[in-house]
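Dropping input.cif in here (mmCIF, C-alpha atoms):
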```cif
data_protein
loop_
_atom_site.label_atom_id
_atom_site.label_comp_id
_atom_site.auth_asym_id
_atom_site.auth_seq_id
_atom_site.Cartn_x
_atom_site.Cartn_y
_atom_site.Cartn_z
CA MET A 1 111.98 91.23 123.74
CA ALA A 2 113.38 87.71 123.40
CA ARG A 3 114.99 86.64 120.16
CA SER A 4 112.94 84.23 118.07
CA ALA A 5 113.67 80.55 118.54
CA VAL A 6 112.34 79.75 115.07
CA THR A 7 113.28 80.78 111.54
CA THR A 8 111.63 84.09 110.74
CA GLU A 9 112.99 84.68 107.26
CA LEU A 10 110.34 86.36 105.16
CA ALA A 11 108.73 84.57 102.25
CA ASP A 12 110.18 85.37 98.84
CA ARG A 13 106.99 87.18 97.83
CA LEU A 14 107.39 89.62 100.72
CA LYS A 15 111.06 90.14 99.93
CA ALA A 16 110.02 91.06 96.40
CA LEU A 17 107.80 93.89 97.62
CA PRO A 18 109.29 97.37 97.42
CA PRO A 19 109.08 99.50 100.59
CA TYR A 20 105.59 100.94 100.86
CA LEU A 21 105.81 104.51 99.62
CA PHE A 22 103.81 106.23 102.34
CA VAL A 23 105.72 104.54 105.16
CA GLN A 24 108.95 106.04 103.80
CA ILE A 25 107.41 109.49 103.47
CA ASP A 26 106.05 109.27 107.01
CA GLU A 27 109.52 108.46 108.37
CA LEU A 28 111.00 111.52 106.66
CA LYS A 29 108.18 113.66 107.99
CA LYS A 30 108.75 112.35 111.54
CA ALA A 31 112.44 113.19 111.29
CA MET A 32 111.62 116.80 110.40
CA LEU A 33 109.04 117.08 113.16
CA ALA A 34 111.61 115.76 115.64
CA LYS A 35 113.80 118.70 114.65
CA GLY A 36 110.98 121.07 115.55
CA VAL A 37 110.01 121.88 111.96
CA ASP A 38 106.38 122.83 111.32
CA VAL A 39 105.68 120.50 108.41
CA VAL A 40 102.94 121.19 105.86
CA ASP A 41 101.93 117.78 104.52
CA LEU A 42 100.77 117.73 100.90
CA GLY A 43 101.47 114.00 100.83
CA ILE A 44 98.97 111.26 101.61
CA GLY A 45 95.43 111.88 100.37
CA ASP A 46 93.46 111.51 103.59
CA PRO A 47 90.46 113.89 103.81
CA ASP A 48 90.80 116.30 106.73
CA ARG A 49 87.09 117.02 107.13
CA PRO A 50 84.91 114.90 109.43
CA THR A 51 82.38 112.31 108.30
CA PRO A 52 78.88 113.85 107.94
CA GLY A 53 76.88 113.85 111.17
CA PRO A 54 73.95 111.73 109.92
CA ILE A 55 76.34 108.89 109.09
CA VAL A 56 78.00 109.06 112.50
CA GLU A 57 74.58 109.06 114.18
CA ALA A 58 73.50 106.06 112.11
CA CYS A 59 76.64 104.26 113.28
CA ALA A 60 75.84 104.98 116.94
CA ARG A 61 72.30 103.64 116.59
CA ALA A 62 73.39 100.53 114.72
CA ALA A 63 76.26 99.80 117.11
CA ARG A 64 73.83 99.76 120.07
CA ASP A 65 71.68 97.08 118.45
CA PRO A 66 72.78 93.61 119.68
CA ALA A 67 71.52 92.10 116.43
CA ASN A 68 74.54 93.68 114.73
CA HIS A 69 77.09 92.18 117.11
CA ARG A 70 77.20 88.72 115.59
CA TYR A 71 78.95 87.46 112.47
CA PRO A 72 77.63 89.13 109.32
CA THR A 73 77.06 87.20 106.11
CA ASN A 74 79.87 87.32 103.55
CA GLN A 75 77.44 88.52 100.90
CA GLY A 76 76.42 91.47 103.07
CA LEU A 77 73.13 92.97 104.16
CA ALA A 78 70.46 93.22 101.49
CA GLU A 79 69.91 96.85 102.51
CA PHE A 80 73.52 97.76 101.72
CA ARG A 81 73.56 95.92 98.41
CA GLU A 82 70.26 97.52 97.38
CA ALA A 83 71.48 101.00 98.38
CA ALA A 84 74.71 100.55 96.40
CA ALA A 85 72.80 99.31 93.35
CA ALA A 86 70.43 102.29 93.57
CA TRP A 87 73.42 104.65 93.84
CA MET A 88 75.00 103.10 90.73
CA LYS A 89 71.77 103.62 88.82
CA SER A 90 71.05 107.17 89.98
CA ARG A 91 74.62 108.50 89.80
CA TYR A 92 76.03 106.71 86.76
CA GLY A 93 73.12 105.14 84.91
CA VAL A 94 74.44 101.65 85.64
CA ALA A 95 71.91 98.87 86.27
CA CYS A 96 73.22 96.42 88.88
CA ASP A 97 71.52 93.41 90.38
CA PRO A 98 71.88 93.87 94.18
CA ALA A 99 72.68 90.15 94.38
CA ASP A 100 75.86 90.87 92.41
CA VAL A 101 77.03 93.74 94.64
CA LEU A 102 79.70 92.72 97.15
CA PRO A 103 80.55 94.80 100.25
CA LEU A 104 84.28 95.46 100.65
CA LEU A 105 86.41 96.32 103.67
CA GLY A 106 87.51 99.36 101.71
CA SER A 107 88.38 99.05 98.03
CA LYS A 108 92.08 98.54 98.86
CA GLU A 109 91.46 95.04 100.21
CA ALA A 110 89.64 94.03 97.03
CA ILE A 111 92.44 95.45 94.89
CA GLY A 112 94.80 93.26 96.89
CA HIS A 113 92.67 90.13 96.84
CA ILE A 114 91.29 89.93 93.31
CA PRO A 115 94.47 88.53 91.70
CA LEU A 116 94.20 85.58 94.09
CA ALA A 117 90.90 84.69 92.44
CA PHE A 118 91.98 84.79 88.78
CA VAL A 119 95.75 85.00 88.38
CA ASN A 120 98.10 82.01 88.41
CA PRO A 121 101.91 81.95 88.64
CA GLY A 122 103.23 82.76 85.19
CA ASN A 123 100.28 84.97 84.32
CA VAL A 124 100.73 88.67 83.70
CA VAL A 125 98.81 91.57 85.24
CA LEU A 126 98.76 94.85 83.29
CA VAL A 127 99.43 97.75 85.63
CA PRO A 128 99.40 101.49 84.83
CA ASP A 129 102.64 103.36 85.46
CA PRO A 130 102.48 105.56 87.47
CA CYS A 131 99.82 104.00 89.69
CA TYR A 132 98.54 103.34 93.18
CA PRO A 133 101.35 101.04 94.43
CA VAL A 134 98.98 98.31 95.64
CA TYR A 135 98.30 97.23 92.03
CA ARG A 136 101.90 96.06 91.78
CA SER A 137 102.16 94.61 95.28
CA ALA A 138 98.92 92.66 94.87
CA THR A 139 100.37 91.09 91.72
CA ILE A 140 103.58 90.14 93.49
CA LEU A 141 101.68 88.60 96.41
CA ALA A 142 99.77 86.46 93.89
CA ASP A 143 103.11 85.12 92.56
CA ALA A 144 102.41 86.68 89.17
CA ALA A 145 104.30 89.17 87.03
CA TYR A 146 103.22 92.71 86.24
CA ARG A 147 103.84 94.57 83.03
CA SER A 148 103.66 98.35 83.03
CA MET A 149 101.38 100.43 80.82
CA PRO A 150 103.12 103.84 80.75
CA LEU A 151 100.85 106.83 81.33
CA ILE A 152 102.39 109.82 79.61
CA GLU A 153 101.23 113.41 79.53
CA GLU A 154 101.13 113.54 75.73
CA ASN A 155 98.50 110.78 75.77
CA GLY A 156 96.40 112.35 78.51
CA PHE A 157 97.85 109.85 81.01
CA LEU A 158 95.86 107.05 79.36
CA PRO A 159 97.44 103.70 78.46
CA ASP A 160 98.18 103.03 74.81
CA TYR A 161 96.79 99.55 74.20
CA GLU A 162 98.33 99.32 70.74
CA ALA A 163 101.80 99.66 72.28
CA ILE A 164 101.40 96.54 74.44
CA PRO A 165 103.34 93.67 72.83
CA ALA A 166 101.27 90.77 71.54
CA GLU A 167 103.23 88.27 73.63
CA VAL A 168 102.33 90.22 76.78
CA CYS A 169 98.66 90.26 75.83
CA ARG A 170 98.70 86.48 75.34
CA THR A 171 99.75 85.88 78.95
CA ALA A 172 97.86 88.76 80.55
CA ARG A 173 94.97 87.71 82.75
CA LEU A 174 93.93 90.91 84.48
CA MET A 175 94.31 94.68 84.09
CA TYR A 176 94.01 97.49 86.64
CA LEU A 177 92.66 100.90 85.68
CA ASN A 178 91.88 103.94 87.83
CA TYR A 179 90.00 107.03 86.60
CA PRO A 180 89.84 109.70 87.90
CA ASN A 181 93.46 108.78 88.38
CA ASN A 182 95.78 108.62 91.33
CA PRO A 183 98.40 110.10 91.15
CA THR A 184 97.99 112.11 87.92
CA GLY A 185 94.46 113.46 88.42
CA ALA A 186 93.73 112.49 84.80
CA VAL A 187 90.24 111.52 83.67
CA ALA A 188 88.97 109.04 81.09
CA ASP A 189 86.01 109.53 78.75
CA GLU A 190 83.55 106.94 77.52
CA ALA A 191 85.45 106.56 74.23
CA PHE A 192 88.51 105.36 76.15
CA PHE A 193 86.41 102.92 78.16
CA GLU A 194 84.91 101.63 74.91
CA ARG A 195 88.44 100.95 73.61
CA THR A 196 89.17 99.22 76.91
CA VAL A 197 86.21 96.88 76.47
CA GLU A 198 87.34 96.05 72.92
CA PHE A 199 90.91 95.39 74.07
CA ALA A 200 89.81 93.25 77.00
CA ARG A 201 87.41 91.21 74.90
CA ALA A 202 89.97 90.66 72.13
CA ASN A 203 92.66 89.50 74.57
CA ASP A 204 90.51 87.75 77.22
CA ILE A 205 91.65 90.09 80.01
CA ILE A 206 89.63 90.92 83.13
CA VAL A 207 89.34 94.67 83.75
CA VAL A 208 89.43 95.92 87.34
CA HIS A 209 88.46 99.58 87.52
CA ASP A 210 89.31 101.36 90.76
CA ALA A 211 86.67 104.09 90.97
CA ALA A 212 87.63 105.52 94.37
CA TYR A 213 87.70 109.13 93.10
CA LEU A 214 84.61 109.08 90.91
CA GLU A 215 82.79 111.56 93.15
CA VAL A 216 85.62 114.09 93.51
CA ALA A 217 85.30 116.39 90.50
CA TYR A 218 85.33 120.09 89.63
CA ASP A 219 83.65 122.76 87.55
CA GLY A 220 80.53 120.70 86.85
CA TYR A 221 82.45 117.77 85.37
CA GLU A 222 80.99 114.33 86.09
CA PRO A 223 83.41 111.43 85.51
CA PRO A 224 81.80 108.40 83.86
CA SER A 225 81.68 104.95 85.38
CA PHE A 226 83.48 102.24 83.41
CA LEU A 227 80.37 100.08 83.83
CA ALA A 228 78.25 102.67 82.00
CA VAL A 229 79.88 101.65 78.71
CA ALA A 230 78.25 98.88 76.69
CA GLY A 231 79.95 95.54 77.28
CA ALA A 232 81.93 96.65 80.34
CA GLY A 233 79.93 94.33 82.58
CA ASP A 234 80.95 91.43 80.34
CA VAL A 235 84.67 91.94 80.90
CA GLY A 236 85.16 93.62 84.24
CA VAL A 237 84.27 94.94 87.66
CA GLU A 238 84.40 98.31 89.34
CA PHE A 239 85.40 98.99 92.95
CA HIS A 240 83.71 101.86 94.76
CA SER A 241 84.58 103.41 98.09
CA LEU A 242 82.95 105.73 100.61
CA SER A 243 86.39 106.92 101.75
CA LYS A 244 86.77 109.95 99.51
CA THR A 245 83.10 110.57 98.78
CA PHE A 246 82.04 110.95 102.41
CA ASN A 247 85.33 111.53 104.30
CA MET A 248 85.29 107.95 105.62
CA THR A 249 88.82 106.68 104.99
CA GLY A 250 89.06 105.10 108.44
CA TRP A 251 85.70 103.34 108.21
CA ARG A 252 86.87 100.96 105.45
CA ILE A 253 83.64 100.66 103.45
CA GLY A 254 83.31 99.97 99.75
CA TRP A 255 81.69 97.64 97.26
CA ALA A 256 82.33 95.73 94.06
CA ALA A 257 79.92 95.61 91.12
CA GLY A 258 79.99 94.39 87.54
CA ASN A 259 80.48 90.95 86.03
CA ALA A 260 78.67 88.49 88.31
CA GLU A 261 81.23 85.70 87.87
CA ILE A 262 84.14 88.02 88.67
CA VAL A 263 82.36 89.33 91.76
CA ALA A 264 81.67 85.73 92.81
CA GLY A 265 85.35 84.86 92.41
CA LEU A 266 86.34 87.75 94.65
CA MET A 267 83.72 86.71 97.19
CA LYS A 268 85.17 83.18 97.26
CA VAL A 269 88.57 84.60 98.19
CA LYS A 270 87.10 86.93 100.80
CA SER A 271 84.95 84.23 102.40
CA ASN A 272 88.15 82.30 103.12
CA ILE A 273 90.03 85.34 104.45
CA ASP A 274 87.60 87.61 106.27
CA SER A 275 84.21 87.23 107.90
CA GLY A 276 82.42 90.10 106.23
CA MET A 277 81.78 93.67 107.30
CA PHE A 278 80.42 94.66 110.72
CA GLN A 279 76.70 95.09 110.13
CA ALA A 280 76.60 98.45 111.87
CA LEU A 281 79.03 99.76 109.24
CA GLN A 282 76.87 98.38 106.47
CA LEU A 283 73.92 100.31 107.88
CA CYS A 284 76.10 103.43 107.95
CA ALA A 285 76.74 102.87 104.26
CA VAL A 286 72.99 102.73 103.68
CA GLU A 287 72.65 106.11 105.38
CA ALA A 288 75.47 107.56 103.26
CA LEU A 289 74.12 106.24 99.96
CA SER A 290 70.40 106.75 100.64
CA GLY A 291 70.29 109.81 102.90
CA ASP A 292 69.91 113.37 101.69
CA LEU A 293 73.54 114.48 101.77
CA SER A 294 73.53 116.31 98.43
CA SER A 295 74.06 119.74 99.99
CA TRP A 296 76.95 118.41 102.08
CA ARG A 297 78.58 116.90 98.99
CA ALA A 298 78.17 120.20 97.14
CA GLU A 299 79.89 122.04 99.99
CA LEU A 300 82.76 119.56 99.94
CA ALA A 301 83.16 119.97 96.17
CA ALA A 302 83.29 123.74 96.59
CA LEU A 303 85.91 123.39 99.33
CA TYR A 304 88.18 121.21 97.20
CA THR A 305 87.72 123.59 94.26
CA THR A 306 88.89 126.49 96.40
CA ARG A 307 91.92 124.53 97.58
CA ARG A 308 92.76 123.38 94.05
CA ASP A 309 92.63 126.92 92.75
CA ILE A 310 94.78 128.30 95.60
CA LEU A 311 97.47 125.69 95.00
CA CYS A 312 97.47 125.69 91.21
CA ASP A 313 97.12 129.46 90.80
CA GLY A 314 99.86 129.98 93.39
CA LEU A 315 102.27 127.62 91.65
CA ASN A 316 101.49 129.07 88.23
CA ALA A 317 102.08 132.59 89.54
CA MET A 318 105.63 131.52 90.45
CA GLY A 319 106.21 130.36 86.90
CA TRP A 320 105.57 126.69 87.49
CA ARG A 321 103.46 125.14 84.71
CA VAL A 322 100.59 123.39 86.48
CA GLU A 323 97.34 122.20 84.93
CA LYS A 324 94.28 122.17 87.14
CA PRO A 325 92.84 118.66 87.50
CA LYS A 326 89.23 118.05 86.45
CA ALA A 327 88.82 115.42 89.17
CA SER A 328 90.50 113.71 92.17
CA PHE A 329 92.11 115.73 94.94
CA TYR A 330 95.64 115.46 93.57
CA VAL A 331 97.73 117.90 91.58
CA TRP A 332 100.38 116.25 89.39
CA VAL A 333 103.20 118.73 88.96
CA ARG A 334 106.06 118.47 86.45
CA VAL A 335 109.38 119.24 88.16
CA PRO A 336 111.68 121.99 86.87
CA GLU A 337 113.96 121.06 84.00
CA GLY A 338 117.14 119.35 85.11
CA MET A 339 115.71 118.19 88.44
CA THR A 340 114.43 114.81 89.58
CA SER A 341 111.24 113.91 91.41
CA ALA A 342 113.17 112.79 94.50
CA GLY A 343 115.37 115.88 94.40
CA VAL A 344 112.41 118.25 94.31
CA ALA A 345 110.64 116.41 97.11
CA ALA A 346 113.77 116.40 99.27
CA GLU A 347 114.47 120.11 98.77
CA LEU A 348 110.88 121.16 99.43
CA LEU A 349 110.97 119.21 102.69
CA GLU A 350 114.41 120.39 103.76
CA HIS A 351 114.14 124.04 102.77
CA GLY A 352 110.39 124.62 102.94
CA GLY A 353 109.07 122.07 105.42
CA VAL A 354 106.58 120.94 102.75
CA VAL A 355 105.88 117.26 102.06
CA VAL A 356 105.16 116.24 98.47
CA ILE A 357 105.35 112.75 96.97
CA PRO A 358 108.01 112.04 94.33
CA GLY A 359 106.41 110.62 91.20
CA THR A 360 108.86 107.71 91.14
CA GLY A 361 107.06 106.30 94.17
CA TYR A 362 104.23 105.42 91.79
CA GLY A 363 106.41 103.88 89.08
CA GLU A 364 109.27 104.61 86.72
CA ALA A 365 107.04 106.69 84.44
CA GLY A 366 106.38 108.99 87.40
CA GLU A 367 109.89 110.41 87.11
CA GLY A 368 109.74 114.11 86.39
CA TYR A 369 106.66 114.76 88.54
CA VAL A 370 105.60 115.21 92.15
CA ARG A 371 102.13 114.72 93.59
CA MET A 372 100.47 117.27 95.85
CA SER A 373 97.28 116.57 97.77
CA LEU A 374 94.42 118.93 98.60
CA THR A 375 93.36 117.13 101.78
CA LEU A 376 94.46 119.59 104.40
CA ALA A 377 93.07 122.88 105.69
CA THR A 378 92.82 125.71 103.19
CA GLU A 379 95.05 127.96 105.30
CA ARG A 380 97.74 125.27 105.32
CA ILE A 381 97.61 125.06 101.53
CA LYS A 382 98.13 128.82 101.41
CA GLU A 383 101.07 128.36 103.76
CA ALA A 384 102.49 125.63 101.52
CA VAL A 385 102.36 127.98 98.52
CA ARG A 386 104.06 130.70 100.56
CA ARG A 387 106.88 128.32 101.54
CA ILE A 388 107.33 126.80 98.11
CA GLY A 389 107.79 130.24 96.50
CA PRO A 390 111.32 130.98 97.77
CA VAL A 391 112.48 127.41 97.07
CA TYR A 392 111.19 127.56 93.51
CA LYS A 393 112.77 131.01 93.04
CA ARG A 394 116.12 129.58 94.10
CA TRP A 395 115.78 126.77 91.56
CA ARG A 396 115.10 129.24 88.76
CA SER A 397 118.09 131.36 89.68
CA LYS A 398 120.54 128.48 89.30
#
```
Is it possible to give me this structure as structure tokens?
Amino acid sequence: MARSAVTTELADRLKALPPYLFVQIDELKKAMLAKGVDVVDLGIGDPDRPTPGPIVEACARAARDPANHRYPTNQGLAEFREAAAAWMKSRYGVACDPADVLPLLGSKEAIGHIPLAFVNPGNVVLVPDPCYPVYRSATILADAAYRSMPLIEENGFLPDYEAIPAEVCRTARLMYLNYPNNPTGAVADEAFFERTVEFARANDIIVVHDAAYLEVAYDGYEPPSFLAVAGAGDVGVEFHSLSKTFNMTGWRIGWAAGNAEIVAGLMKVKSNIDSGMFQALQLCAVEALSGDLSSWRAELAALYTTRRDILCDGLNAMGWRVEKPKASFYVWVRVPEGMTSAGVAAELLEHGGVVVIPGTGYGEAGEGYVRMSLTLATERIKEAVRRIGPVYKRWRSK
């Protein structure tokens, strides 16, 4: 390919971005595969099961309809917005006006775009640490500064609002939260969300709650929606996704709900960047949210429970102290004493052919942990436990 005849130096904001975590992990995995190693990937959380048949069939029908082949409206189909509002009411007891529900091209794009609507250079965005890396990169791309809210085990991996300096609160404009949490698997109760509303109101901070894992829970536990707490709709929004709920990561379908003015601000950004969601996909979302898929969802919950128990019980049987998560499909594992997150991940890959994510990829406070995902076949999780055993035994013998 010819060399560029123009200056192609990246913008400062792109230079400021750290390497995207999962790209690095994928490169290491490819290197092992090139050596002929059978790699068991407990890394990226991408559901391995197919999308339910009724949703796929709804997509086929909608895609054949020429009426869906033209530009959609930015606000989205009324049917989708009504289905999402009904879901919020039936699942979480949250009353939403369908007019204030905004379809998203997956919740990731909204996480990335919302600082552009409300954050100016010099403002601060409060970001959990550890966290989904896009919270930090979205802040950088908006030419703003992020300040970390450490999530520590002793505090249930919840941020301590009282520990945030007053001068940071004065310049903070927006705050990201995510419960059930990636990467820790921690959950938040309504009392925590009530404290969040009080903190946001007192400091004039917009709350953005990433609720991507709200439907992945175990043992009868039902995680609450942030918007179910009194006053939450006054200070924030919640992003929902079909990716984890219905095994639809590649479909890129989600929605935003909550404060009408915040949703409108996000829509203004999106209307200048994208042209809305393909209408056939919106009709698939209607099928997912309105169809009778309760038995399918129960089967999926049982499958993840089995996988969680195999992994956690297997690690605990080795002597590794692992707490079973109440929600999400991640297991957050403290590394053995004297070892680092990166060191554990490297040794498990080199000596066991098992991919795990070092906690430092999610922030400085992730040091001392690795994340393991449950989104691969049950037999492969059993194989991962079998391979990890000898590596862990070698660590203990040192």
Exercise. Using CA of Phe118 (chain A) and CA of Ile262 (chain A) as the two end points, give the distance in Å to one decimal.
Key: 8.5 Å
Sorted by chain and rising residue number, list the residues of region 96-140 of chain A at most 10 Å from region 61-74 of chain A (counting all atoms listed in the file), each with its closest atom pair and distance in Å to one decimal, as CSV.
```
residue,atom,partner,partner_atom,distance
A:Leu102,CA,A:Asn74,CA,8.4
A:Pro103,CA,A:Asn74,CA,8.2
A:Leu104,CA,A:Asn74,CA,9.7
```
Quiz prompt | Pick from A:Leu311, A:Ala327, A:Leu141, A:Leu116, whichever lies nearest to Leu214 (chain A) using only C-alpha atoms | solution = A:Ala327
Self-check item: Given all atoms listed in the file as the counted atoms, nearest of A:Glu299, A:Glu238, A:Glu261, A:Asp210 to Asn182 (chain A)
Solution: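 Smallest separation from Asn182 (chain A) among the options: A:Asp210.
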Quiz item: So which one's closest to Asp100 (chain A), A:Ile114, A:Val23, A:Val237, A:Ala34? Using all atoms listed in the file, please.
Solution: A:Val237
Exercise. Run the PyMOL selection byres ((chain A and resi 120) around 12) mentally over the shown coordinates, then write out the matched residues as a ChimeraX atom specification, using the chain letters and numbers from the document.
Key: /A:114-119,121-125,139-145,171-174
Practice problem: Considering all atoms listed in the file, state which residue in the set A:Met248, A:Gln75, A:Lys29, A:Ala365 is at the smallest distance from Ala288 (chain A). | Solution: A:Met248
Grab region 354-373 of chain A from that structure and dump N, CA and C atoms to a file, as a compact mmCIF listing (two decimals), in the first residue's frame.
```txt
# COMPACT_ATOMS: atom_id res chain seq x y z
N VAL A 354 -4.96 -21.18 29.37
CA VAL A 354 -6.23 -20.60 29.81
C VAL A 354 -6.11 -19.08 29.80
N VAL A 355 -7.07 -18.43 29.14
CA VAL A 355 -7.09 -16.97 29.10
C VAL A 355 -7.96 -16.43 30.23
N VAL A 356 -7.38 -15.56 31.06
CA VAL A 356 -8.14 -14.78 32.03
C VAL A 356 -7.70 -13.33 31.84
N ILE A 357 -8.48 -12.39 32.36
CA ILE A 357 -8.17 -10.98 32.19
C ILE A 357 -7.55 -10.43 33.46
N PRO A 358 -6.35 -9.84 33.37
CA PRO A 358 -5.76 -9.23 34.57
C PRO A 358 -6.60 -8.04 35.03
N GLY A 359 -6.81 -7.94 36.33
CA GLY A 359 -7.65 -6.89 36.87
C GLY A 359 -7.16 -5.49 36.56
N THR A 360 -5.86 -5.33 36.36
CA THR A 360 -5.31 -4.01 36.05
C THR A 360 -5.80 -3.48 34.71
N GLY A 361 -6.32 -4.34 33.86
CA GLY A 361 -6.89 -3.87 32.60
C GLY A 361 -8.14 -3.04 32.80
N TYR A 362 -8.71 -3.11 34.01
CA TYR A 362 -9.93 -2.37 34.32
C TYR A 362 -9.65 -1.17 35.23
N GLY A 363 -8.38 -0.97 35.59
CA GLY A 363 -8.03 0.15 36.44
C GLY A 363 -7.02 -0.26 37.49
N GLU A 364 -6.39 0.74 38.10
CA GLU A 364 -5.35 0.47 39.09
C GLU A 364 -5.88 -0.33 40.27
N ALA A 365 -7.13 -0.08 40.66
CA ALA A 365 -7.70 -0.79 41.80
C ALA A 365 -8.01 -2.25 41.48
N GLY A 366 -7.85 -2.62 40.21
CA GLY A 366 -8.05 -4.02 39.83
C GLY A 366 -6.84 -4.89 40.10
N GLU A 367 -5.72 -4.26 40.50
CA GLU A 367 -4.53 -5.04 40.84
C GLU A 367 -4.86 -6.01 41.97
N GLY A 368 -4.37 -7.24 41.80
CA GLY A 368 -4.63 -8.25 42.82
C GLY A 368 -5.78 -9.17 42.47
N TYR A 369 -6.37 -8.97 41.27
CA TYR A 369 -7.50 -9.80 40.85
C TYR A 369 -7.36 -10.17 39.37
N VAL A 370 -8.04 -11.24 38.99
CA VAL A 370 -8.25 -11.55 37.58
C VAL A 370 -9.74 -11.81 37.38
N ARG A 371 -10.20 -11.56 36.15
CA ARG A 371 -11.61 -11.81 35.83
C ARG A 371 -11.73 -13.04 34.96
N MET A 372 -12.69 -13.89 35.31
CA MET A 372 -12.99 -15.08 34.52
C MET A 372 -14.45 -15.02 34.09
N SER A 373 -14.69 -15.36 32.83
CA SER A 373 -16.03 -15.29 32.27
C SER A 373 -16.66 -16.67 32.17
```
